[in-house]
>>> print(open('target-v1.txt').read())   # compact mmCIF, C-alpha atoms
# COMPACT_ATOMS: atom_id res chain seq x y z
CA MET A 1 25.54 193.14 112.97
CA TYR A 2 25.42 196.82 112.04
CA ALA A 3 28.85 198.37 111.40
CA GLU A 4 27.50 201.93 111.67
CA LEU A 5 26.10 201.24 115.14
CA ASN A 6 29.42 199.73 116.21
CA SER A 7 31.09 202.96 115.12
CA ILE A 8 28.62 205.05 117.13
CA LEU A 9 29.21 202.92 120.23
CA ASN A 10 32.96 202.78 119.58
CA THR A 11 33.03 199.01 119.81
CA SER A 12 33.66 195.91 117.71
CA PRO A 13 33.55 192.12 118.15
CA ASP A 14 37.33 192.22 118.59
CA SER A 15 37.28 194.96 121.22
CA PHE A 16 34.33 195.65 123.50
CA LYS A 17 33.91 196.79 127.08
CA PRO A 18 33.48 193.96 129.62
CA GLY A 19 30.86 194.05 132.36
CA GLU A 20 28.44 196.23 130.41
CA PHE A 21 24.66 196.23 130.87
CA ILE A 22 22.94 197.57 127.74
CA LEU A 23 19.27 198.50 128.03
CA VAL A 24 17.18 198.73 124.85
CA SER A 25 13.69 200.23 124.99
CA ASP A 26 11.08 201.21 122.45
CA LYS A 27 7.93 203.28 122.30
CA HIS A 28 5.55 203.54 119.32
CA THR A 29 8.02 201.56 117.20
CA ASP A 30 9.93 198.27 117.22
CA ALA A 31 13.48 198.06 118.62
CA SER A 32 13.90 194.34 118.06
CA PHE A 33 16.38 195.05 115.24
CA LEU A 34 18.84 196.03 117.98
CA ILE A 35 18.40 192.66 119.69
CA HIS A 36 19.30 190.97 116.41
CA HIS A 37 22.33 193.24 116.12
CA PHE A 38 23.67 192.40 119.59
CA LEU A 39 22.95 188.70 119.13
CA SER A 40 25.05 188.55 115.97
CA PHE A 41 27.65 190.89 117.51
CA TYR A 42 28.39 188.71 120.54
CA LEU A 43 28.29 185.47 118.57
CA ARG A 44 30.85 186.92 116.16
CA ALA A 45 32.90 187.96 119.18
CA GLY A 46 33.10 184.31 120.28
CA CYS A 47 31.12 184.84 123.49
CA LYS A 48 28.97 182.19 125.14
CA VAL A 49 25.45 183.58 124.72
CA CYS A 50 22.44 182.77 126.89
CA PHE A 51 19.36 184.11 125.08
CA LEU A 52 15.95 184.32 126.75
CA GLY A 53 13.58 184.57 123.79
CA LEU A 54 10.32 185.25 125.59
CA VAL A 55 8.28 186.63 122.69
CA GLN A 56 9.40 184.87 119.49
CA SER A 57 10.34 181.38 118.32
CA PHE A 58 13.87 180.16 117.62
CA SER A 59 13.06 179.98 113.90
CA HIS A 60 12.17 183.69 113.90
CA TYR A 61 15.52 184.76 115.35
CA SER A 62 17.35 182.21 113.20
CA ALA A 63 15.87 183.52 109.94
CA ILE A 64 16.87 187.11 110.70
CA SER A 65 20.34 186.15 111.96
CA GLN A 66 20.88 184.20 108.75
CA ARG A 67 20.40 187.43 106.80
CA LEU A 68 23.01 189.05 109.05
CA GLY A 69 25.48 186.28 108.27
CA VAL A 70 25.19 184.27 111.50
CA SER A 71 23.82 180.75 111.90
CA LEU A 72 22.02 180.28 115.22
CA THR A 73 21.56 176.59 114.51
CA GLN A 74 25.31 176.05 114.21
CA ALA A 75 25.98 178.20 117.27
CA ARG A 76 23.53 176.15 119.31
CA GLU A 77 24.92 172.85 118.05
CA LYS A 78 28.46 173.93 118.95
CA GLY A 79 27.33 174.93 122.45
CA GLN A 80 28.04 178.63 121.95
CA LEU A 81 24.33 179.57 122.14
CA VAL A 82 21.87 178.52 124.82
CA PHE A 83 18.37 179.52 123.72
CA LEU A 84 15.31 179.48 125.96
CA GLU A 85 12.22 179.44 123.75
CA GLY A 86 9.68 181.02 126.04
CA LEU A 87 6.66 180.20 123.87
CA LYS A 88 7.46 176.49 123.82
CA GLU A 89 8.37 176.38 127.51
CA SER A 90 5.14 178.19 128.38
CA LEU A 91 3.12 175.55 126.57
CA GLY A 92 4.88 172.86 128.60
CA VAL A 93 3.94 174.60 131.85
CA LEU A 94 0.32 175.13 130.87
CA LEU A 95 -0.18 171.52 129.74
CA GLN A 96 1.22 169.98 132.94
CA GLY A 97 -0.69 169.92 136.18
CA GLU A 98 2.43 169.64 138.29
CA ALA A 99 5.87 171.19 137.95
CA SER A 100 8.56 169.14 136.29
CA LYS A 101 12.28 169.72 136.05
CA GLY A 102 11.96 170.85 132.46
CA THR A 103 9.42 173.58 133.17
CA ARG A 104 10.58 175.05 136.51
CA THR A 105 12.32 177.83 134.64
CA MET A 106 8.90 179.23 133.75
CA ASP A 107 7.22 178.57 137.10
CA PHE A 108 6.11 182.20 137.29
CA LEU A 109 3.39 181.28 134.76
CA ARG A 110 1.86 178.97 137.34
CA ASP A 111 2.41 181.28 140.31
CA PRO A 112 3.39 184.88 139.40
CA SER A 113 3.89 185.74 143.08
CA SER A 114 6.86 183.35 143.19
CA GLY A 115 8.86 185.80 141.08
CA LEU A 116 11.53 184.92 138.53
CA ARG A 117 13.79 182.74 140.68
CA GLY A 118 13.51 179.79 138.30
CA LEU A 119 14.44 181.99 135.35
CA TYR A 120 17.44 183.38 137.22
CA ASP A 121 18.59 179.87 138.17
CA PHE A 122 18.51 178.95 134.47
CA VAL A 123 20.66 181.97 133.60
CA ARG A 124 23.10 181.44 136.48
CA ASP A 125 23.68 177.77 135.67
CA ASN A 126 24.31 178.47 131.98
CA VAL A 127 26.57 181.52 132.29
CA ARG A 128 28.65 180.03 135.09
CA GLY A 129 28.99 176.85 133.07
CA ALA A 130 30.58 178.93 130.31
CA VAL A 131 33.51 179.83 132.60
CA GLY A 132 36.12 177.18 133.28
CA GLY A 133 34.14 174.52 131.46
CA GLY A 134 36.86 173.61 129.00
CA GLU A 135 35.11 175.40 126.14
CA GLU A 136 36.80 177.88 123.84
CA TRP A 137 34.15 180.59 124.20
CA GLY A 138 34.80 184.05 125.58
CA THR A 139 32.98 185.87 128.37
CA PRO A 140 29.30 185.05 128.90
CA VAL A 141 26.48 187.23 127.55
CA LEU A 142 22.82 187.36 128.58
CA LEU A 143 20.20 188.63 126.10
CA VAL A 144 16.53 189.07 127.06
CA ASP A 145 13.73 189.78 124.57
CA ASP A 146 11.74 191.18 126.22
CA LEU A 147 11.61 191.50 130.00
CA SER A 148 8.46 193.65 130.07
CA VAL A 149 6.35 190.73 128.82
CA VAL A 150 6.48 189.10 132.27
CA LEU A 151 4.49 192.03 133.68
CA SER A 152 1.50 191.10 131.52
CA LEU A 153 1.76 187.57 132.95
CA GLY A 154 1.31 188.80 136.53
CA VAL A 155 4.90 189.21 137.68
CA SER A 156 5.47 192.38 139.70
CA VAL A 157 7.81 195.19 138.68
CA GLY A 158 9.81 194.55 141.85
CA ALA A 159 10.33 190.89 140.95
CA ALA A 160 11.46 191.81 137.42
CA LEU A 161 13.93 194.36 138.83
CA ASP A 162 15.23 191.78 141.31
CA PHE A 163 15.79 189.37 138.42
CA SER A 164 17.76 192.00 136.51
CA HIS A 165 19.76 192.94 139.61
CA TYR A 166 20.85 189.37 140.35
CA CYS A 167 21.61 188.67 136.68
CA ARG A 168 23.76 191.81 136.54
CA ALA A 169 25.59 190.81 139.73
CA THR A 170 26.35 187.37 138.30
CA VAL A 171 26.96 188.11 134.63
CA CYS A 172 28.48 191.60 134.66
CA SER A 173 30.15 191.85 138.08
CA GLU A 174 31.16 188.31 138.97
CA LEU A 175 31.95 186.97 135.49
CA GLN A 176 32.76 190.28 133.71
CA GLY A 177 30.31 189.37 130.95
CA SER A 178 27.66 191.52 129.27
CA MET A 179 23.87 191.90 129.38
CA VAL A 180 21.37 193.24 126.85
CA MET A 181 17.70 193.59 127.79
CA LEU A 182 14.74 194.88 125.80
CA VAL A 183 11.78 196.62 127.46
CA ARG A 184 8.69 197.83 125.61
CA CYS A 185 6.62 200.80 126.82
CA GLU A 186 3.56 201.31 124.70
CA ALA A 187 -0.19 201.41 125.38
CA GLU A 188 -2.48 201.15 122.37
CA ASP A 189 -5.69 201.77 124.27
CA GLU A 190 -7.05 202.50 127.75
CA GLU A 191 -7.16 198.82 128.73
CA GLU A 192 -3.39 198.59 128.31
CA GLU A 193 -2.56 201.75 130.27
CA SER A 194 -1.99 199.89 133.56
CA ASP A 195 0.47 197.48 131.92
CA ASP A 196 2.19 200.41 130.24
CA GLU A 197 2.60 202.18 133.60
CA GLY A 198 4.24 199.02 134.92
CA SER A 199 6.58 198.96 131.92
CA GLU A 200 7.50 202.59 132.53
CA GLN A 201 8.30 201.79 136.17
CA LEU A 202 10.38 198.83 135.05
CA LEU A 203 12.22 200.99 132.53
CA ARG A 204 13.03 203.65 135.13
CA GLY A 205 14.34 201.02 137.51
CA LEU A 206 16.50 199.38 134.86
CA ILE A 207 17.96 202.72 133.77
CA HIS A 208 19.51 203.03 137.22
CA GLN A 209 21.15 199.62 136.81
CA CYS A 210 22.51 199.88 133.27
CA SER A 211 25.63 201.49 131.80
CA LEU A 212 24.25 202.21 128.31
CA THR A 213 20.72 202.85 127.06
CA LEU A 214 19.38 202.85 123.52
CA GLN A 215 15.89 204.34 123.51
CA VAL A 216 14.10 203.81 120.19
CA GLN A 217 11.11 205.96 119.28
CA GLY A 218 9.03 206.80 116.27
CA LEU A 219 9.63 210.09 114.50
CA PRO A 220 7.87 213.05 116.19
CA THR A 221 6.80 214.17 112.70
CA GLY A 222 5.04 210.86 112.05
CA TYR A 223 5.55 208.19 109.41
CA CYS A 224 8.35 208.58 106.87
CA ARG A 225 9.18 206.07 104.14
CA ASP A 226 12.92 206.76 104.21
CA ILE A 227 13.46 207.05 107.98
CA HIS A 228 11.93 204.55 110.40
CA GLY A 229 12.59 206.30 113.70
CA GLN A 230 15.18 207.70 116.04
CA VAL A 231 17.53 206.27 118.66
CA GLU A 232 18.75 208.17 121.69
CA VAL A 233 22.06 206.70 122.84
CA CYS A 234 22.91 207.47 126.45
CA TRP A 235 26.23 206.56 128.06
CA ARG A 236 25.58 206.58 131.79
CA GLY A 237 28.34 207.49 134.26
CA GLN A 238 29.42 204.73 136.62
CA CYS A 239 29.47 207.15 139.56
CA ASP A 240 27.78 210.41 140.51
CA ARG A 241 30.79 212.49 139.42
CA GLN A 242 30.65 211.24 135.85
CA GLN A 243 28.25 213.05 133.53
CA THR A 244 25.75 211.25 131.33
CA GLN A 245 26.41 211.69 127.61
CA LYS A 246 23.57 211.59 125.07
CA LYS A 247 23.41 211.56 121.28
CA LEU A 248 20.38 211.32 118.99
CA PHE A 249 20.38 209.43 115.69
CA GLN A 250 17.78 208.62 113.07
CA TYR A 251 17.74 205.16 111.52
CA LYS A 252 16.40 203.06 108.68
CA VAL A 253 16.27 199.27 108.84
CA HIS A 254 17.16 197.33 105.69
CA ASP A 255 16.68 193.68 104.90
CA LYS A 256 20.31 192.90 105.78
CA GLY A 257 21.27 195.80 107.99
CA ALA A 258 20.46 199.29 109.21
CA SER A 259 21.64 202.84 108.47
CA PHE A 260 22.10 205.50 111.14
CA PHE A 261 22.17 209.27 110.63
CA ALA A 262 23.02 212.10 112.98
CA ARG A 263 19.80 214.04 113.49
CA GLY A 264 19.27 216.43 110.61
CA MET A 265 21.83 214.71 108.36
CA SER A 266 19.23 212.73 106.40
CA SER A 267 17.58 214.53 103.50
CA ALA A 268 14.34 212.68 104.30
CA VAL A 269 13.74 214.44 107.62
CA LEU A 270 14.55 218.09 108.24
>>> encode(input="target-v1.txt", output="structure tokens")
Amino acid sequence: MYAELNSILNTSPDSFKPGEFILVSDKHTDASFLIHHFLSFYLRAGCKVCFLGLVQSFSHYSAISQRLGVSLTQAREKGQLVFLEGLKESLGVLLQGEASKGTRTMDFLRDPSSGLRGLYDFVRDNVRGAVGGGEEWGTPVLLVDDLSVVLSLGVSVGAALDFSHYCRATVCSELQGSMVMLVRCEAEDEEEESDDEGSEQLLRGLIHQCSLTLQVQGLPTGYCRDIHGQVEVCWRGQCDRQQTQKKLFQYKVHDKGASFFARGMSSAVL
């Protein structure tokens, strides 16, 4: 958990806004450090966390969280953390000729046209089970790392947006919990341009759904040893009359944290 980022967002594990949908995106850099921040943030806040780890293993997230002072293993054993390991679940789907109860969550791998209904059912059952279940945890939280990966597996942009919409309705509106989703928009070569266009469409659609965006980009001046990139923080109005507020910060990720600077305040970048 990054104290400087909490200060920028005017939040803390003891006091945070309910019903918020936070959208994290990156381009030409890696914004996964923000996913690790929010994971440790909500676990420290005592929330029941449902984490869809679609691109990395549990051990990967666990090792980084350990450096941030949070044990994912203990959180999972206590029932505070429900972790879907997409890589392992995908292997189960691909090795079985027919669907089984344990792999229906990832049915879109077998038939992308079916959408993400199985994935939504997994989220709904786990976040609703966190409310009134006799557990001591706070409001439910959904984290997704990262939603754009389903596009490369054949799922349509519309299906991904439907998934986000229904998750938001359940988690944020019905249960007054929180959501954090990561979307990547980056094409390394011409063969990836079509996937990148889909990611851009997904990002634009999600921006209309969310209440806060953190858009992470590389420095326009190129590589810098002391500054790793910049983050545009955008607080979106909940109605047409409210204006959108934006602030730009530069950041540097450390082994056990991250530093944030108002643009122009770091001596490394002028």
>>> residues_around(input="target-v1.txt", residues="Gln201 (chain A)", least_positions_apart="2", cutoff="12 Å", atoms="only C-alpha atoms", output="number ranges by chain")
A: 148, 151, 156-158, 160-161, 183-185, 194-199, 203-208
>>> atom_distance(input="target-v1.txt", atom1="CA of Ala262 (chain A)", atom2="CA of Val231 (chain A)")
9.8 Å
>>> atom_distance(input="target-v1.txt", atom1="CA of Val155 (chain A)", atom2="CA of Gln217 (chain A)")
25.6 Å
>>> closest_residue(input="target-v1.txt", among="A:Glu136, A:Ala31, A:Val149, A:Pro112", to="Gly86 (chain A)", atoms="only C-alpha atoms")
A:Val149
>>> closest_residue(input="target-v1.txt", among="A:Leu91, A:Leu142, A:Val127, A:Leu212", to="Met106 (chain A)", atoms="all atoms listed in the file")
A:Leu91
>>> closest_residue(input="target-v1.txt", among="A:Cys172, A:Leu214, A:Leu109, A:Val253", to="Ser152 (chain A)", atoms="all atoms listed in the file")
A:Leu109
>>> residues_around(input="target-v1.txt", residues="Leu182 (chain A)", least_positions_apart="4", cutoff="6 Å", atoms="all atoms listed in the file", output="PyMOL selection string")
chain A and resi 24-25+145-146
>>> closest_residue(input="target-v1.txt", among="A:Phe108, A:Trp137, A:Tyr166, A:Phe260", to="Gly79 (chain A)", atoms="only C-alpha atoms")
A:Trp137
>>> axis_aligned_box(input="target-v1.txt", around="region 6-22 of chain A", padding_each_side="4 Å", output="AutoDock Vina command-line options")
--center_x 30.1 --center_y 198.6 --center_z 123.7 --size_x 22.4 --size_y 20.9 --size_z 25.2
>>> atom_distance(input="target-v1.txt", atom1="CA of Gly118 (chain A)", atom2="CA of Phe33 (chain A)")
27.8 Å
>>> residues_around(input="target-v1.txt", residues="Lys48 (chain A)", least_positions_apart="5", cutoff="7 Å", atoms="all atoms listed in the file", output="VMD selection string")
chain A and resid 80 to 81 130 137 to 141
>>> write_last_selection(input="target-v1.txt", atoms="C-alpha atoms", output="PDB file, keeping the file's coordinate frame")
ATOM      1  CA  GLN A  80      28.040 178.630 121.950  1.00  0.00           C
ATOM      2  CA  LEU A  81      24.330 179.570 122.140  1.00  0.00           C
ATOM      3  CA  ALA A 130      30.580 178.930 130.310  1.00  0.00           C
ATOM      4  CA  TRP A 137      34.150 180.590 124.200  1.00  0.00           C
ATOM      5  CA  GLY A 138      34.800 184.050 125.580  1.00  0.00           C
ATOM      6  CA  THR A 139      32.980 185.870 128.370  1.00  0.00           C
ATOM      7  CA  PRO A 140      29.300 185.050 128.900  1.00  0.00           C
ATOM      8  CA  VAL A 141      26.480 187.230 127.550  1.00  0.00           C
TER       9      VAL A 141
END
